[in-house]
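File shown: structure_26.cif (mmCIF, C-alpha atoms).
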```cif
data_run
#
loop_
_atom_site.group_PDB
_atom_site.id
_atom_site.type_symbol
_atom_site.label_atom_id
_atom_site.label_comp_id
_atom_site.auth_asym_id
_atom_site.auth_seq_id
_atom_site.Cartn_x
_atom_site.Cartn_y
_atom_site.Cartn_z
ATOM 1 C CA MET A 1 10.861 -2.722 3.131
ATOM 2 C CA HIS A 2 12.659 -5.781 1.827
ATOM 3 C CA GLY A 3 15.738 -3.529 1.577
ATOM 4 C CA LYS A 4 13.906 -0.634 -0.112
ATOM 5 C CA PRO A 5 13.108 2.806 1.369
ATOM 6 C CA VAL A 6 9.584 3.240 2.759
ATOM 7 C CA VAL A 7 7.459 6.327 3.275
ATOM 8 C CA ILE A 8 4.441 6.500 5.552
ATOM 9 C CA THR A 9 1.648 8.711 4.279
ATOM 10 C CA SER A 10 -1.938 9.591 5.010
ATOM 11 C CA ALA A 11 -2.345 11.151 1.537
ATOM 12 C CA LEU A 12 -3.938 8.024 0.017
ATOM 13 C CA GLY A 13 -7.085 8.173 2.109
ATOM 14 C CA GLY A 14 -7.838 6.304 5.300
ATOM 15 C CA ASN A 15 -5.538 6.788 8.239
ATOM 16 C CA GLY A 16 -2.236 5.849 6.657
ATOM 17 C CA ALA A 17 -0.173 3.648 4.397
ATOM 18 C CA PRO A 18 3.433 2.566 4.031
ATOM 19 C CA ALA A 19 4.522 2.797 0.386
ATOM 20 C CA TRP A 20 7.668 1.548 -1.342
ATOM 21 C CA GLU A 21 9.038 0.610 -4.765
ATOM 22 C CA PRO A 22 9.978 -3.107 -4.678
ATOM 23 C CA VAL A 23 11.141 -3.068 -8.311
ATOM 24 C CA PRO A 24 11.586 -0.117 -10.662
ATOM 25 C CA GLY A 25 8.226 1.180 -11.859
ATOM 26 C CA VAL A 26 6.100 -0.701 -9.300
ATOM 27 C CA VAL A 27 4.797 1.060 -6.184
ATOM 28 C CA VAL A 28 3.248 -0.985 -3.396
ATOM 29 C CA TYR A 29 1.233 0.325 -0.497
ATOM 30 C CA VAL A 30 -0.657 -1.196 2.395
ATOM 31 C CA GLY A 31 -3.469 1.134 3.410
ATOM 32 C CA TYR A 32 -5.741 1.008 6.393
ATOM 33 C CA SER A 33 -8.487 2.883 8.146
ATOM 34 C CA GLY A 34 -9.020 2.638 11.844
ATOM 35 C CA ALA A 35 -6.676 3.701 14.595
ATOM 36 C CA GLN A 36 -4.813 6.971 14.369
ATOM 37 C CA LEU A 37 -1.443 6.903 12.624
ATOM 38 C CA ASP A 38 0.822 6.676 15.651
ATOM 39 C CA GLU A 39 3.981 4.696 16.443
ATOM 40 C CA GLY A 40 1.967 1.554 17.254
ATOM 41 C CA ALA A 41 0.032 1.713 13.981
ATOM 42 C CA VAL A 42 3.230 2.316 12.006
ATOM 43 C CA ALA A 43 4.873 -0.680 13.701
ATOM 44 C CA ALA A 44 1.849 -2.898 12.926
ATOM 45 C CA LEU A 45 1.816 -1.754 9.289
ATOM 46 C CA HIS A 46 5.536 -2.468 9.030
ATOM 47 C CA ARG A 47 5.027 -6.021 10.344
ATOM 48 C CA LEU A 48 2.186 -6.578 7.885
ATOM 49 C CA ALA A 49 4.066 -5.106 4.923
ATOM 50 C CA ALA A 50 7.167 -7.176 5.743
ATOM 51 C CA ARG A 51 5.096 -10.300 5.027
ATOM 52 C CA THR A 52 4.152 -9.177 1.515
ATOM 53 C CA ARG A 53 5.385 -10.614 -1.757
ATOM 54 C CA LEU A 54 4.887 -9.604 -5.366
ATOM 55 C CA LEU A 55 2.572 -11.724 -7.480
ATOM 56 C CA SER A 56 2.908 -12.425 -11.169
ATOM 57 C CA PRO A 57 -0.046 -11.339 -13.325
ATOM 58 C CA GLY A 58 -1.243 -14.949 -13.432
ATOM 59 C CA GLN A 59 -1.009 -15.343 -9.675
ATOM 60 C CA TRP A 60 -2.944 -12.093 -9.216
ATOM 61 C CA GLN A 61 -5.711 -13.208 -11.601
ATOM 62 C CA ALA A 62 -5.942 -16.521 -9.727
ATOM 63 C CA THR A 63 -7.045 -14.557 -6.627
ATOM 64 C CA SER A 64 -10.206 -13.507 -8.526
ATOM 65 C CA PRO A 65 -9.676 -9.767 -7.924
ATOM 66 C CA THR A 66 -12.652 -7.440 -8.130
ATOM 67 C CA THR A 67 -12.912 -3.793 -9.044
ATOM 68 C CA SER A 68 -15.039 -1.015 -7.663
ATOM 69 C CA ASP A 69 -15.804 1.731 -10.165
ATOM 70 C CA GLN A 70 -15.869 5.082 -8.417
ATOM 71 C CA ILE A 71 -14.742 8.646 -8.842
ATOM 72 C CA ASN A 72 -11.257 9.396 -7.574
ATOM 73 C CA ASP A 73 -10.929 13.037 -6.606
ATOM 74 C CA PHE A 74 -7.430 12.586 -5.154
ATOM 75 C CA ASP A 75 -5.133 15.326 -6.426
ATOM 76 C CA PRO A 76 -1.562 14.982 -5.135
ATOM 77 C CA PHE A 77 -0.830 18.552 -6.220
ATOM 78 C CA ASP A 78 -3.820 20.114 -4.461
#
```

Let me see whether you can do it: turn the structure in this file into structure tokens.
Amino acid sequence: MHGKPVVITSALGGNGAPAWEPVPGVVVYVGYSGAQLDEGAVAALHRLAARTRLLSPGQWQATSPTTSDQINDFDPFD
């Protein structure tokens, strides 16, 4: 993605997500739930992810982000 390697995973919940490291130390993913993770879904996620861009902290805050406090029982080593 944008010249960086991409992995497709279903380990983040939902049906799948492409994930990549646009700059050292920053991991980006676009997750979705819906259709099964097949070639068509992967192609659609790739098109969506290709349109992404990194935001500065100020730009991110200007979007008025919200949080949802919840328990995360995801264990990548399980």

Draw an axis-aligned box tight on the listed atoms of range 29-37 of chain A, then pad every side by 5 Å and write out centre and edge lengths in Å to one decimal as JSON.
```
{"center_x": -3.9, "center_y": 2.9, "center_z": 7.0, "size_x": 20.3, "size_y": 18.2, "size_z": 25.1}
```

For the atom pair CA of Gly31 in chain A and CA of Ile71 in chain A, what is the interatomic distance in Å to one decimal place?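 Calculated distance between CA of Gly31 in chain A and CA of Ile71 in chain A is 18.3 Å.
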
Counting all atoms listed in the file, what is within 12 Å of Ala35 in chain A, bar same-chain residues fewer than 2 positions away, as a list in words?
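Everything that qualifies: Gly14, Asn15, Gly16, Gly31, Tyr32, Ser33, Leu37, Asp38, Glu39, Gly40, Ala41, Val42, Ala44 and Leu45 of chain A.
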
Atom pair CA of Pro57 in chain A + CA of Val30 in chain A, distance 18.7 Å

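What the PyMOL selection byres ((chain A and resi 21) around 12) matches in the given file is Met1, His2, Gly3, Lys4, Pro5, Val6, Val7, Pro18, Ala19, Trp20, Pro22, Val23, Pro24, Gly25, Val26, Val27, Val28, Tyr29 and Leu54 of chain A.
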
- Task: Kindly give the distance, in Å, that separates CA of Pro65 in chain A and CA of Arg53 in chain A, rounded to a single decimal.
- Result: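 The value is 16.3 Å.
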
Starting from the incomplete input, reconstruct all heavy atoms of range 55-66 of chain A and write that as an mmCIF file, keeping the file's coordinate frame.
```cif
data_model
loop_
_atom_site.group_PDB
_atom_site.id
_atom_site.type_symbol
_atom_site.label_atom_id
_atom_site.label_comp_id
_atom_site.auth_asym_id
_atom_site.auth_seq_id
_atom_site.Cartn_x
_atom_site.Cartn_y
_atom_site.Cartn_z
ATOM 1 N N LEU A 55 3.196 -10.647 -6.727
ATOM 2 C CA LEU A 55 2.572 -11.724 -7.480
ATOM 3 C C LEU A 55 2.761 -11.473 -8.966
ATOM 4 O O LEU A 55 2.763 -10.331 -9.414
ATOM 5 C CB LEU A 55 1.069 -11.784 -7.192
ATOM 6 C CG LEU A 55 0.646 -12.028 -5.749
ATOM 7 C CD1 LEU A 55 -0.873 -12.001 -5.643
ATOM 8 C CD2 LEU A 55 1.186 -13.348 -5.245
ATOM 9 N N SER A 56 2.882 -12.549 -9.713
ATOM 10 C CA SER A 56 2.908 -12.425 -11.169
ATOM 11 C C SER A 56 1.486 -12.092 -11.620
ATOM 12 O O SER A 56 0.519 -12.280 -10.861
ATOM 13 C CB SER A 56 3.345 -13.746 -11.805
ATOM 14 O OG SER A 56 2.324 -14.721 -11.643
ATOM 15 N N PRO A 57 1.319 -11.598 -12.843
ATOM 16 C CA PRO A 57 -0.046 -11.339 -13.325
ATOM 17 C C PRO A 57 -0.955 -12.568 -13.217
ATOM 18 O O PRO A 57 -2.115 -12.451 -12.833
ATOM 19 C CB PRO A 57 0.170 -10.902 -14.771
ATOM 20 C CG PRO A 57 1.530 -10.260 -14.759
ATOM 21 C CD PRO A 57 2.326 -11.122 -13.804
ATOM 22 N N GLY A 58 -0.437 -13.725 -13.524
ATOM 23 C CA GLY A 58 -1.243 -14.949 -13.432
ATOM 24 C C GLY A 58 -1.638 -15.278 -12.000
ATOM 25 O O GLY A 58 -2.769 -15.688 -11.738
ATOM 26 N N GLN A 59 -0.698 -15.107 -11.077
ATOM 27 C CA GLN A 59 -1.009 -15.343 -9.675
ATOM 28 C C GLN A 59 -2.066 -14.359 -9.182
ATOM 29 O O GLN A 59 -2.963 -14.728 -8.424
ATOM 30 C CB GLN A 59 0.254 -15.221 -8.822
ATOM 31 C CG GLN A 59 1.249 -16.339 -9.023
ATOM 32 C CD GLN A 59 2.570 -16.044 -8.338
ATOM 33 O OE1 GLN A 59 3.094 -14.927 -8.412
ATOM 34 N NE2 GLN A 59 3.115 -17.051 -7.670
ATOM 35 N N TRP A 60 -1.964 -13.101 -9.610
ATOM 36 C CA TRP A 60 -2.944 -12.093 -9.216
ATOM 37 C C TRP A 60 -4.332 -12.462 -9.749
ATOM 38 O O TRP A 60 -5.316 -12.425 -9.021
ATOM 39 C CB TRP A 60 -2.519 -10.718 -9.704
ATOM 40 C CG TRP A 60 -3.550 -9.664 -9.434
ATOM 41 C CD1 TRP A 60 -4.304 -9.007 -10.349
ATOM 42 C CD2 TRP A 60 -3.970 -9.178 -8.159
ATOM 43 N NE1 TRP A 60 -5.159 -8.134 -9.724
ATOM 44 C CE2 TRP A 60 -4.977 -8.217 -8.377
ATOM 45 C CE3 TRP A 60 -3.600 -9.463 -6.854
ATOM 46 C CZ2 TRP A 60 -5.609 -7.539 -7.344
ATOM 47 C CZ3 TRP A 60 -4.238 -8.782 -5.819
ATOM 48 C CH2 TRP A 60 -5.211 -7.837 -6.075
ATOM 49 N N GLN A 61 -4.422 -12.839 -11.019
ATOM 50 C CA GLN A 61 -5.711 -13.208 -11.601
ATOM 51 C C GLN A 61 -6.305 -14.423 -10.895
ATOM 52 O O GLN A 61 -7.522 -14.537 -10.767
ATOM 53 C CB GLN A 61 -5.568 -13.465 -13.105
ATOM 54 C CG GLN A 61 -5.306 -12.215 -13.913
ATOM 55 C CD GLN A 61 -6.410 -11.174 -13.755
ATOM 56 O OE1 GLN A 61 -7.585 -11.481 -13.699
ATOM 57 N NE2 GLN A 61 -5.995 -9.916 -13.682
ATOM 58 N N ALA A 62 -5.459 -15.331 -10.420
ATOM 59 C CA ALA A 62 -5.942 -16.521 -9.727
ATOM 60 C C ALA A 62 -6.614 -16.179 -8.398
ATOM 61 O O ALA A 62 -7.374 -16.988 -7.857
ATOM 62 C CB ALA A 62 -4.797 -17.503 -9.491
ATOM 63 N N THR A 63 -6.385 -14.977 -7.871
ATOM 64 C CA THR A 63 -7.045 -14.557 -6.627
ATOM 65 C C THR A 63 -8.463 -14.065 -6.878
ATOM 66 O O THR A 63 -9.167 -13.724 -5.935
ATOM 67 C CB THR A 63 -6.262 -13.437 -5.913
ATOM 68 O OG1 THR A 63 -6.339 -12.230 -6.684
ATOM 69 C CG2 THR A 63 -4.813 -13.831 -5.664
ATOM 70 N N SER A 64 -8.888 -14.013 -8.138
ATOM 71 C CA SER A 64 -10.206 -13.507 -8.526
ATOM 72 C C SER A 64 -10.429 -12.083 -8.022
ATOM 73 O O SER A 64 -11.389 -11.799 -7.297
ATOM 74 C CB SER A 64 -11.321 -14.423 -8.014
ATOM 75 O OG SER A 64 -11.158 -15.716 -8.530
ATOM 76 N N PRO A 65 -9.536 -11.150 -8.412
ATOM 77 C CA PRO A 65 -9.676 -9.767 -7.924
ATOM 78 C C PRO A 65 -10.950 -9.128 -8.457
ATOM 79 O O PRO A 65 -11.457 -9.515 -9.508
ATOM 80 C CB PRO A 65 -8.437 -9.069 -8.490
ATOM 81 C CG PRO A 65 -8.079 -9.854 -9.704
ATOM 82 C CD PRO A 65 -8.441 -11.283 -9.377
ATOM 83 N N THR A 66 -11.469 -8.174 -7.713
ATOM 84 C CA THR A 66 -12.652 -7.440 -8.130
ATOM 85 C C THR A 66 -12.299 -5.960 -8.239
ATOM 86 O O THR A 66 -11.298 -5.511 -7.697
ATOM 87 C CB THR A 66 -13.807 -7.604 -7.131
ATOM 88 O OG1 THR A 66 -13.388 -7.107 -5.863
ATOM 89 C CG2 THR A 66 -14.220 -9.059 -7.002
#
```
